[in-house]
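Everything below belongs to data15.cif, which stores mmCIF, C-alpha atoms.
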data_final
#
loop_
_atom_site.group_PDB
_atom_site.id
_atom_site.type_symbol
_atom_site.label_atom_id
_atom_site.label_comp_id
_atom_site.auth_asym_id
_atom_site.auth_seq_id
_atom_site.Cartn_x
_atom_site.Cartn_y
_atom_site.Cartn_z
ATOM 1 C CA MET A 276 -9.404 169.214 2.961
ATOM 2 C CA TYR A 277 -8.770 171.399 -0.083
ATOM 3 C CA GLU A 278 -8.660 174.567 2.017
ATOM 4 C CA LEU A 279 -5.991 172.995 4.217
ATOM 5 C CA LEU A 280 -3.949 171.924 1.190
ATOM 6 C CA GLN A 281 -4.079 175.497 -0.117
ATOM 7 C CA THR A 282 -1.990 176.587 2.882
ATOM 8 C CA CYS A 283 0.969 174.479 1.679
ATOM 9 C CA ASP A 284 3.360 176.101 -0.815
ATOM 10 C CA ARG A 285 4.392 172.726 -2.300
ATOM 11 C CA PHE A 286 0.754 171.896 -3.012
ATOM 12 C CA LYS A 287 0.070 175.285 -4.592
ATOM 13 C CA GLU A 288 3.099 174.838 -6.862
ATOM 14 C CA LYS A 289 1.992 171.339 -7.881
ATOM 15 C CA ALA A 290 -1.574 172.553 -8.449
ATOM 16 C CA SER A 291 -0.429 175.371 -10.732
ATOM 17 C CA LYS A 292 1.491 172.864 -12.873
ATOM 18 C CA ASN A 293 -1.564 170.595 -13.160
ATOM 19 C CA GLN A 294 -4.327 173.015 -14.059
ATOM 20 C CA GLY A 295 -7.060 171.317 -16.057
ATOM 21 C CA LYS A 296 -6.457 167.965 -14.364
ATOM 22 C CA ASP A 297 -8.469 166.259 -11.640
ATOM 23 C CA LEU A 298 -7.045 166.197 -8.125
ATOM 24 C CA VAL A 299 -7.043 162.798 -6.410
ATOM 25 C CA ILE A 300 -6.320 162.464 -2.696
ATOM 26 C CA LEU A 301 -5.415 158.892 -1.771
ATOM 27 C CA THR A 302 -5.306 157.409 1.715
ATOM 28 C CA SER A 303 -2.780 154.824 2.830
ATOM 29 C CA HIS A 304 -5.478 152.179 2.187
ATOM 30 C CA LYS A 305 -5.708 153.045 -1.543
ATOM 31 C CA ARG A 306 -9.027 154.819 -1.078
ATOM 32 C CA ALA A 307 -9.727 158.172 -2.664
ATOM 33 C CA ILE A 308 -11.306 160.891 -0.566
ATOM 34 C CA SER A 309 -12.966 163.970 -1.994
ATOM 35 C CA MET A 310 -11.247 167.318 -1.786
ATOM 36 C CA HIS A 311 -14.131 168.582 0.353
ATOM 37 C CA PHE A 312 -13.737 165.728 2.882
ATOM 38 C CA PRO A 313 -13.784 167.166 6.433
ATOM 39 C CA CYS A 314 -10.313 167.197 8.001
ATOM 40 C CA HIS A 315 -11.637 166.485 11.483
ATOM 41 C CA LYS A 316 -12.862 163.067 10.250
ATOM 42 C CA MET A 317 -9.487 161.849 8.953
ATOM 43 C CA THR A 318 -8.741 159.827 12.087
ATOM 44 C CA GLU A 319 -12.032 157.967 11.726
ATOM 45 C CA ILE A 320 -11.080 156.574 8.330
ATOM 46 C CA GLY A 321 -7.784 155.309 9.746
ATOM 47 C CA THR A 322 -5.200 156.994 7.583
ATOM 48 C CA GLU A 323 -1.954 158.653 8.521
ATOM 49 C CA THR A 324 -0.563 159.401 5.083
ATOM 50 C CA LEU A 325 -2.154 161.096 2.102
ATOM 51 C CA VAL A 326 -0.881 160.931 -1.464
ATOM 52 C CA ILE A 327 -1.768 163.791 -3.793
ATOM 53 C CA ARG A 328 -2.054 162.860 -7.465
ATOM 54 C CA TYR A 329 -3.393 164.509 -10.588
ATOM 55 C CA ILE A 330 -5.017 162.618 -13.430
ATOM 56 C CA SER A 331 -6.308 163.684 -16.820
ATOM 57 C CA ALA A 332 -9.570 165.545 -16.488
ATOM 58 C CA ARG A 333 -12.775 163.671 -17.102
ATOM 59 C CA ARG A 334 -14.415 164.085 -20.475
ATOM 60 C CA ASN A 335 -17.795 165.046 -19.067
ATOM 61 C CA GLN A 336 -17.226 168.124 -16.914
ATOM 62 C CA THR A 337 -20.878 168.489 -15.956
ATOM 63 C CA THR A 338 -21.635 167.640 -12.376
ATOM 64 C CA THR A 339 -24.963 166.820 -10.862
ATOM 65 C CA THR A 340 -24.953 169.644 -8.322
ATOM 66 C CA SER A 341 -23.336 173.000 -8.068
ATOM 67 C CA SER A 342 -22.196 174.495 -4.793
ATOM 68 C CA LYS A 343 -25.162 176.849 -4.726
ATOM 69 C CA ASP A 344 -27.574 173.914 -5.088
ATOM 70 C CA LYS A 345 -26.158 172.049 -2.094
ATOM 71 C CA LYS A 346 -28.179 171.969 1.087
ATOM 72 C CA GLU A 347 -26.359 172.591 4.311
ATOM 73 C CA TYR A 348 -26.615 169.549 6.552
ATOM 74 C CA ARG A 349 -25.654 169.445 10.175
ATOM 75 C CA GLY A 350 -25.639 166.656 12.657
ATOM 76 C CA GLU A 351 -24.213 163.184 12.737
ATOM 77 C CA MET A 352 -22.070 162.179 9.767
ATOM 78 C CA VAL A 353 -21.989 158.859 7.965
ATOM 79 C CA ILE A 354 -18.836 157.751 6.162
ATOM 80 C CA PHE A 355 -18.742 154.743 3.853
ATOM 81 C CA ASP A 356 -16.783 153.370 0.892
ATOM 82 C CA VAL A 357 -17.912 152.616 -2.653
ATOM 83 C CA LYS A 358 -15.956 150.483 -5.120
ATOM 84 C CA THR A 359 -14.743 152.399 -8.194
ATOM 85 C CA THR A 360 -15.850 149.540 -10.425
ATOM 86 C CA GLY A 361 -19.442 148.383 -10.344
ATOM 87 C CA ASP A 362 -21.020 144.958 -10.229
ATOM 88 C CA THR A 363 -20.705 142.675 -13.263
ATOM 89 C CA ASN A 364 -24.165 143.774 -14.459
ATOM 90 C CA ILE A 365 -22.982 147.395 -14.918
ATOM 91 C CA LEU A 366 -22.271 148.329 -18.515
ATOM 92 C CA THR A 367 -21.722 152.030 -17.822
ATOM 93 C CA LYS A 368 -18.978 153.821 -15.990
ATOM 94 C CA VAL A 369 -19.423 154.249 -12.251
ATOM 95 C CA MET A 370 -17.073 157.198 -11.799
ATOM 96 C CA ASN A 371 -17.021 160.404 -13.845
ATOM 97 C CA ASN A 372 -13.287 159.985 -14.341
ATOM 98 C CA LEU A 373 -12.313 156.481 -15.478
ATOM 99 C CA GLY A 374 -8.702 157.172 -14.492
ATOM 100 C CA LEU A 375 -9.728 157.177 -10.843
ATOM 101 C CA ARG A 376 -10.318 153.427 -10.791
ATOM 102 C CA LYS A 377 -6.711 152.859 -11.874
ATOM 103 C CA LEU A 378 -5.491 154.656 -8.740
ATOM 104 C CA ALA A 379 -8.106 153.690 -6.178
ATOM 105 C CA ASP A 380 -10.108 150.562 -5.509
ATOM 106 C CA GLU A 381 -12.645 152.514 -3.471
ATOM 107 C CA VAL A 382 -13.752 156.065 -2.816
ATOM 108 C CA THR A 383 -14.661 157.214 0.662
ATOM 109 C CA VAL A 384 -17.802 159.334 0.747
ATOM 110 C CA TYR A 385 -19.478 161.198 3.546
ATOM 111 C CA GLY A 386 -22.900 162.562 4.205
ATOM 112 C CA TYR A 387 -25.247 163.267 7.055
ATOM 113 C CA LYS A 388 -28.051 161.343 8.649
ATOM 114 C CA GLY A 389 -31.229 162.464 6.920
ATOM 115 C CA GLN A 390 -29.675 162.540 3.436
ATOM 116 C CA THR A 391 -30.585 159.916 0.861
ATOM 117 C CA VAL A 392 -27.913 157.754 -0.743
ATOM 118 C CA ARG A 393 -28.458 159.692 -3.990
ATOM 119 C CA GLU A 394 -27.915 163.034 -2.228
ATOM 120 C CA VAL A 395 -24.696 161.777 -0.617
ATOM 121 C CA LEU A 396 -23.299 160.495 -3.936
ATOM 122 C CA GLU A 397 -24.358 163.654 -5.804
ATOM 123 C CA GLN A 398 -22.725 165.805 -3.120
ATOM 124 C CA ASP A 399 -19.537 163.801 -3.557
ATOM 125 C CA GLY A 400 -19.431 164.748 -7.242
ATOM 126 C CA ARG A 401 -17.286 161.874 -8.520
ATOM 127 C CA PHE A 402 -20.066 159.491 -9.602
ATOM 128 C CA SER A 403 -21.495 159.396 -13.110
ATOM 129 C CA ASP A 404 -24.983 160.810 -13.562
ATOM 130 C CA GLU A 405 -26.274 157.488 -14.868
ATOM 131 C CA VAL A 406 -25.560 155.484 -11.694
ATOM 132 C CA LEU A 407 -27.468 158.054 -9.630
ATOM 133 C CA GLN A 408 -30.710 156.974 -11.323
ATOM 134 C CA SER A 409 -33.380 154.926 -9.566
ATOM 135 C CA ASN A 410 -32.556 151.665 -11.347
ATOM 136 C CA TYR A 411 -29.178 151.492 -9.545
ATOM 137 C CA SER A 412 -28.469 150.625 -5.938
ATOM 138 C CA LEU A 413 -25.625 150.027 -3.503
ATOM 139 C CA GLN A 414 -24.827 146.424 -2.642
ATOM 140 C CA ASP A 415 -22.958 145.682 0.586
ATOM 141 C CA THR A 416 -19.755 143.814 -0.292
ATOM 142 C CA LYS A 417 -19.955 141.651 2.845
ATOM 143 C CA ASN A 418 -23.576 140.550 3.074
ATOM 144 C CA GLY A 419 -24.984 141.365 -0.388
ATOM 145 C CA ILE A 420 -27.859 143.473 0.955
ATOM 146 C CA ARG A 421 -28.920 146.214 -1.440
ATOM 147 C CA THR A 422 -29.745 149.777 -0.565
ATOM 148 C CA GLU A 423 -31.805 151.861 -2.981
ATOM 149 C CA MET A 424 -30.711 155.371 -3.971
ATOM 150 C CA SER A 425 -33.820 156.849 -2.337
ATOM 151 C CA THR A 426 -33.018 155.257 1.053
ATOM 152 C CA TYR A 427 -31.613 157.372 3.874
ATOM 153 C CA ALA A 428 -27.885 156.862 4.369
ATOM 154 C CA ASN A 429 -28.311 156.807 8.167
ATOM 155 C CA TYR A 430 -27.042 153.247 8.696
ATOM 156 C CA LEU A 431 -24.326 152.965 6.040
ATOM 157 C CA ASP A 432 -21.504 154.211 8.267
ATOM 158 C CA GLY A 433 -18.324 152.117 8.103
ATOM 159 C CA ARG A 434 -19.544 149.799 5.354
ATOM 160 C CA CYS A 435 -18.294 149.135 1.828
ATOM 161 C CA PHE A 436 -20.534 148.922 -1.246
ATOM 162 C CA LYS A 437 -20.460 148.360 -4.967
ATOM 163 C CA ILE A 438 -22.871 149.940 -7.417
ATOM 164 C CA THR A 439 -25.248 147.453 -8.995
ATOM 165 C CA ARG A 440 -28.200 147.636 -11.329
ATOM 166 C CA GLY A 441 -31.721 146.361 -10.797
ATOM 167 C CA TYR A 442 -33.272 145.018 -7.633
ATOM 168 C CA ARG A 443 -33.567 141.667 -5.963
ATOM 169 C CA LEU A 444 -35.756 142.535 -3.038
ATOM 170 C CA LYS A 445 -36.060 139.948 -0.279
ATOM 171 C CA ARG A 446 -39.289 139.352 1.574
ATOM 172 C CA CYS A 447 -39.036 140.233 5.232
ATOM 173 C CA ASP A 448 -41.333 137.411 6.329
ATOM 174 C CA SER A 449 -39.346 134.563 4.777
#
Rewritten as structure tokens:
Amino acid sequence: MYELLQTCDRFKEKASKNQGKDLVILTSHKRAISMHFPCHKMTEIGTETLVIRYISARRNQTTTTSSKDKKEYRGEMVIFDVKTTGDTNILTKVMNNLGLRKLADEVTVYGYKGQTVREVLEQDGRFSDEVLQSNYSLQDTKNGIRTEMSTYANYLDGRCFKITRGYRLKRCDS
């Protein structure tokens, strides 16, 4: 996405005026996509219009992965949404930049089958380091089922989650 935006003179001018700020790309559904979101997947998330905004840079500029640490994944993609505010039991920030939750209710993330939830969220780069720990999980906003960070993201496509803390595991035989 970012490479495509770099071909537009208006974007380059706006970017030069906002150096030191975080770029936010919003869909028409008030979801934020990452600047490395694949352009060929835009139709799948059902958006026709993008809004480019800049917000004050996050205080903690450290990210969990650098580009040289990223593994190259190929194959079938999974795309899902995560709420920018966590469950009521979350006392920490979910997103690295707290200003993001004022602009977007959800962020759209992508990964590949075979990646864990943690790897997908780390690759995205917008989540705080704390919520990537093992005592956090994703909770489906429709059915309440939790997915641990160490679980493969293979079946999360098209769903929406919120970050929650702790586990309430259900027995399969009940």
Once 3 Å is added on each side, what are the centre and the three edge lengths, in Å to one decimal, of the axis-aligned box enclosing the listed atoms of region 415-429 of chain A? Present them as AutoDock Vina command-line options.
--center_x -26.8 --center_y 149.0 --center_z 2.1 --size_x 20.1 --size_y 22.8 --size_z 18.1
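Using only C-alpha atoms, the nearest neighbour of Asn410 (chain A) within the list A:Leu396, A:Ser425, A:Lys287, A:Asn371 is A:Ser425.
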* Structure fact -> Atom pair CA of Ser409 (chain A) + CA of Val357 (chain A), distance 17.1 Å
* Two-atom distance - CA of Gly386 (chain A), CA of Val369 (chain A) (Å) -> 18.8 Å
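For the pair CA of Leu378 (chain A) and CA of Thr391 (chain A), the interatomic distance is 27.4 Å.
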* **Spatial neighbours of Gln414 (chain A), max dist 9 Å, all atoms listed in the file, sep filter under 4 positions, as a list of chain:residue names** => A:Asp362, A:Asn418, A:Gly419, A:Ile420, A:Arg421, A:Thr422, A:Glu423, A:Cys435, A:Phe436, A:Lys437, A:Ile438, A:Thr439
Please produce an output containing C-alpha atoms for each residue in the selection, written as a PDB file, keeping the file's coordinate frame.
ATOM      1  CA  ASP A 362     -21.020 144.958 -10.229  1.00  0.00           C
ATOM      2  CA  ASN A 418     -23.576 140.550   3.074  1.00  0.00           C
ATOM      3  CA  GLY A 419     -24.984 141.365  -0.388  1.00  0.00           C
ATOM      4  CA  ILE A 420     -27.859 143.473   0.955  1.00  0.00           C
ATOM      5  CA  ARG A 421     -28.920 146.214  -1.440  1.00  0.00           C
ATOM      6  CA  THR A 422     -29.745 149.777  -0.565  1.00  0.00           C
ATOM      7  CA  GLU A 423     -31.805 151.861  -2.981  1.00  0.00           C
ATOM      8  CA  CYS A 435     -18.294 149.135   1.828  1.00  0.00           C
ATOM      9  CA  PHE A 436     -20.534 148.922  -1.246  1.00  0.00           C
ATOM     10  CA  LYS A 437     -20.460 148.360  -4.967  1.00  0.00           C
ATOM     11  CA  ILE A 438     -22.871 149.940  -7.417  1.00  0.00           C
ATOM     12  CA  THR A 439     -25.248 147.453  -8.995  1.00  0.00           C
TER      13      THR A 439
END
* Distance criterion (all atoms listed in the file): nearest to Glu405 (chain A) out of A:Arg393, A:Lys358, A:Lys368, A:Lys292 -> A:Lys368
* For Thr359 (chain A), which residue out of A:Lys296, A:Arg376, A:Arg434, A:His311 is the nearest one, using only C-alpha atoms? -> A:Arg376
* Do you know which residues are at most 10 Å from Ser331 (chain A) counting only C-alpha atoms, after dropping those on the same chain fewer than 2 positions away, and could you put them as a VMD selection string? -> chain A and resid 293 to 298 329 333 to 334 372 to 375
Residues within 9 Å of Arg440 (chain A), all atoms listed in the file, excluding chain neighbours under 6 positions, as a PDB file with C-alpha atoms, in the frame of the given file:
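Contents of selection_20.pdb, freshly written:
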ATOM      1  CA  GLY A 361     -19.442 148.383 -10.344  1.00  0.00           C
ATOM      2  CA  ASP A 362     -21.020 144.958 -10.229  1.00  0.00           C
ATOM      3  CA  ASN A 364     -24.165 143.774 -14.459  1.00  0.00           C
ATOM      4  CA  ILE A 365     -22.982 147.395 -14.918  1.00  0.00           C
ATOM      5  CA  VAL A 406     -25.560 155.484 -11.694  1.00  0.00           C
ATOM      6  CA  ASN A 410     -32.556 151.665 -11.347  1.00  0.00           C
ATOM      7  CA  TYR A 411     -29.178 151.492  -9.545  1.00  0.00           C
ATOM      8  CA  SER A 412     -28.469 150.625  -5.938  1.00  0.00           C
ATOM      9  CA  LEU A 413     -25.625 150.027  -3.503  1.00  0.00           C
TER      10      LEU A 413
END
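What the PyMOL selection byres ((chain A and resi 353) around 9) matches in the given file is Glu351, Met352, Ile354, Phe355, Val384, Tyr385, Gly386, Tyr387, Lys388, Ala428, Asn429, Tyr430, Leu431, Asp432 and Gly433 of chain A.
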Filtering to C-alpha atoms, could you give me those residues as an mmCIF file, in the frame of the given file?
data_model
loop_
_atom_site.group_PDB
_atom_site.id
_atom_site.type_symbol
_atom_site.label_atom_id
_atom_site.label_comp_id
_atom_site.auth_asym_id
_atom_site.auth_seq_id
_atom_site.Cartn_x
_atom_site.Cartn_y
_atom_site.Cartn_z
ATOM 1 C CA GLU A 351 -24.213 163.184 12.737
ATOM 2 C CA MET A 352 -22.070 162.179 9.767
ATOM 3 C CA ILE A 354 -18.836 157.751 6.162
ATOM 4 C CA PHE A 355 -18.742 154.743 3.853
ATOM 5 C CA VAL A 384 -17.802 159.334 0.747
ATOM 6 C CA TYR A 385 -19.478 161.198 3.546
ATOM 7 C CA GLY A 386 -22.900 162.562 4.205
ATOM 8 C CA TYR A 387 -25.247 163.267 7.055
ATOM 9 C CA LYS A 388 -28.051 161.343 8.649
ATOM 10 C CA ALA A 428 -27.885 156.862 4.369
ATOM 11 C CA ASN A 429 -28.311 156.807 8.167
ATOM 12 C CA TYR A 430 -27.042 153.247 8.696
ATOM 13 C CA LEU A 431 -24.326 152.965 6.040
ATOM 14 C CA ASP A 432 -21.504 154.211 8.267
ATOM 15 C CA GLY A 433 -18.324 152.117 8.103
#
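Nearest-residue note for Val382 (chain A): choosing from A:Cys283, A:Lys417, A:Glu397, A:Val299, the minimum distance belongs to A:Val299, counting only C-alpha atoms.
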* To do: Any chance you could resolve the PyMOL selection byres ((chain A and resi 312) around 12) against this file and give the residues as a VMD selection string?
  => chain A and resid 276 to 280 299 to 302 307 to 311 313 to 317 319 to 320 352 to 354 382 to 386 398 to 400
